[in-house]
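Below: the structure, in structure tokens.
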Amino acid sequence: MTRPVDHKVYWLHFAEHSDPKTEGLIGVACYLQSRIGAHRREPNCKVPSDFLVTILHRGTAQECFALEAQLRPTPNIGWNILAGGYIGGRGAHPPYRHDKKTRRWMSQSAKERANTPKGRKHMRKAALALNGAGWIGRKHKDSSKQIISRKAKTRCRTPEGRKRMRRMALRLGRGKDHPIYGLIRSAEIRAKISASKKGRRPKLSKAVRKSKAEKMRRHWESPAYRAKMRARSPSWTGEQNPNYGNRAPGRPERDSKSGRFI
């Protein structure tokens, strides 16, 4: 079952082409700009670089792939190498899966490419996209930020989300292996972080609260701990208490004579 996303049947052609059934390239895409960029970057593709783009149809995936099958019923028509169509939620041709050795080599080459200035420049160019519609320099709207934040918070509160975050932390590394280890933030950034955290109390899950309560219960069951607290209690009464005079935020004041809250 496919998602109800707007798909497009596109035709890549020259200005002198007039028949989509025999000329140019027919394809189906959900994100057209990304697909066109991929056509321009593919080195082993029969598609020339100076082509025009025409959208022939918009609709569901089934409709678009059915039209593609009509326009490209057999391989090697126009610029298309393979036949078009729709089978089992994908295109007519199942995705090719590389063997384990090839996948390892591809992963290693991608990592090496990302760690070189030339590779990073190429990745930046790809992120910007050919028409400048990439995400670099763009900002989300406030409504989008709220949706992203809500999804991230929900994801972190689920067991599966926490497992994924733990796996990510292990993959990034801890301590000196972490990418931002030793990062010193500016005074302005530290002030912003401090201001955002003032007045906020950490929300502990039920399991954490239960664990803390169990830990304190075990402490008080220990005779040594009780003796330690009894020895300390006389020096913590009245003005000698470290919290003497500190009032919790939002707590009403109490009248010293009547004992009632003001």
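Letters A, B, ... go to the chains of the structure tokens in the order shown; residues in each chain start at 1; ligands are counted from 1 in the same order.
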
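The residues of region 4-237 of chain A that DSSP assigns to strand (DSSP E) on this backbone come out as His7, Lys8, Val9, Tyr10, Trp11, Leu12, His13, Leu25, Ile26, Gly27, Val28, Ala29, Leu52, Val53, Thr54, Ile55, Leu56, His57, Arg58, Gly59, Tyr86, Ile87, Arg90 and Gly91 of chain A.
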
Restricting it to N, CA and C atoms, dump the selection as a CSV table (one decimal), in the first residue's frame.
```
chain,number,residue,atom,x,y,z
A,7,HIS,N,2.5,12.1,-7.0
A,7,HIS,CA,3.5,11.7,-7.9
A,7,HIS,C,3.4,12.4,-9.2
A,8,LYS,N,4.5,12.4,-10.0
A,8,LYS,CA,4.5,13.1,-11.2
A,8,LYS,C,5.1,12.2,-12.3
A,9,VAL,N,4.5,12.2,-13.5
A,9,VAL,CA,5.1,11.6,-14.7
A,9,VAL,C,5.8,12.7,-15.5
A,10,TYR,N,7.1,12.6,-15.6
A,10,TYR,CA,7.8,13.7,-16.3
A,10,TYR,C,8.4,13.2,-17.6
A,11,TRP,N,8.7,14.1,-18.4
A,11,TRP,CA,9.2,13.8,-19.8
A,11,TRP,C,10.5,14.7,-20.0
A,12,LEU,N,11.6,14.1,-20.1
A,12,LEU,CA,12.9,14.8,-20.4
A,12,LEU,C,13.1,14.7,-21.9
A,13,HIS,N,13.3,15.9,-22.5
A,13,HIS,CA,13.3,15.9,-24.0
A,13,HIS,C,14.0,17.2,-24.5
A,25,LEU,N,13.0,10.8,-22.4
A,25,LEU,CA,12.9,9.9,-21.3
A,25,LEU,C,11.6,10.1,-20.5
A,26,ILE,N,11.0,9.0,-20.1
A,26,ILE,CA,9.8,9.1,-19.3
A,26,ILE,C,10.1,8.5,-17.9
A,27,GLY,N,9.7,9.2,-16.9
A,27,GLY,CA,10.0,8.7,-15.5
A,27,GLY,C,8.9,9.1,-14.5
A,28,VAL,N,8.9,8.6,-13.3
A,28,VAL,CA,8.0,8.9,-12.3
A,28,VAL,C,8.8,9.3,-11.1
A,29,ALA,N,8.3,10.4,-10.4
A,29,ALA,CA,9.0,10.9,-9.2
A,29,ALA,C,8.0,11.5,-8.3
A,52,LEU,N,15.0,19.5,-21.5
A,52,LEU,CA,13.9,20.3,-21.0
A,52,LEU,C,13.0,19.3,-20.2
A,53,VAL,N,12.2,19.8,-19.2
A,53,VAL,CA,11.4,19.0,-18.4
A,53,VAL,C,9.9,19.4,-18.6
A,54,THR,N,9.1,18.4,-18.8
A,54,THR,CA,7.7,18.6,-19.0
A,54,THR,C,6.9,17.6,-18.1
A,55,ILE,N,6.0,18.1,-17.3
A,55,ILE,CA,5.2,17.2,-16.4
A,55,ILE,C,4.0,16.8,-17.2
A,56,LEU,N,3.8,15.5,-17.4
A,56,LEU,CA,2.7,15.0,-18.2
A,56,LEU,C,1.5,14.6,-17.4
A,57,HIS,N,1.7,14.3,-16.1
A,57,HIS,CA,0.5,13.8,-15.3
A,57,HIS,C,0.9,13.9,-13.8
A,58,ARG,N,-0.1,14.3,-13.0
A,58,ARG,CA,0.1,14.3,-11.5
A,58,ARG,C,-1.0,13.4,-10.9
A,59,GLY,N,-0.6,12.6,-10.0
A,59,GLY,CA,-1.6,11.7,-9.4
A,59,GLY,C,-1.0,10.7,-8.4
A,86,TYR,N,4.7,-0.6,-12.7
A,86,TYR,CA,4.4,-0.6,-11.3
A,86,TYR,C,4.2,-2.0,-10.8
A,87,ILE,N,5.0,-2.4,-9.8
A,87,ILE,CA,4.8,-3.8,-9.3
A,87,ILE,C,5.0,-3.7,-7.8
A,90,ARG,N,6.5,-0.6,-5.9
A,90,ARG,CA,7.7,0.0,-6.4
A,90,ARG,C,7.6,0.1,-8.0
A,91,GLY,N,8.7,0.5,-8.5
A,91,GLY,CA,8.8,0.5,-10.0
A,91,GLY,C,8.8,-1.0,-10.5
```

*Which parts of region 121-232 of chain A does DSSP call alpha helix (DSSP H) when run on the backbone here, written out as number ranges by chain?*
A: 121-128, 142-156, 159-172, 187-197, 206-221, 223-232

*Please indicate the distance in Å from CA of Arg72 (chain A) to CA of Gly84 (chain A), rounded to one decimal place.*
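Spanning CA of Arg72 (chain A) to CA of Gly84 (chain A) is a straight-line distance of 5.3 Å.
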
*Select, from A:Pro48, A:Gly199, A:Pro242, A:Gly182, the residue with the minimum atom-to-atom distance to Gly24 (chain A), counting only C-alpha atoms.*
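Among A:Pro48, A:Gly199, A:Pro242, A:Gly182, it is A:Pro48 that comes nearest to Gly24 (chain A).
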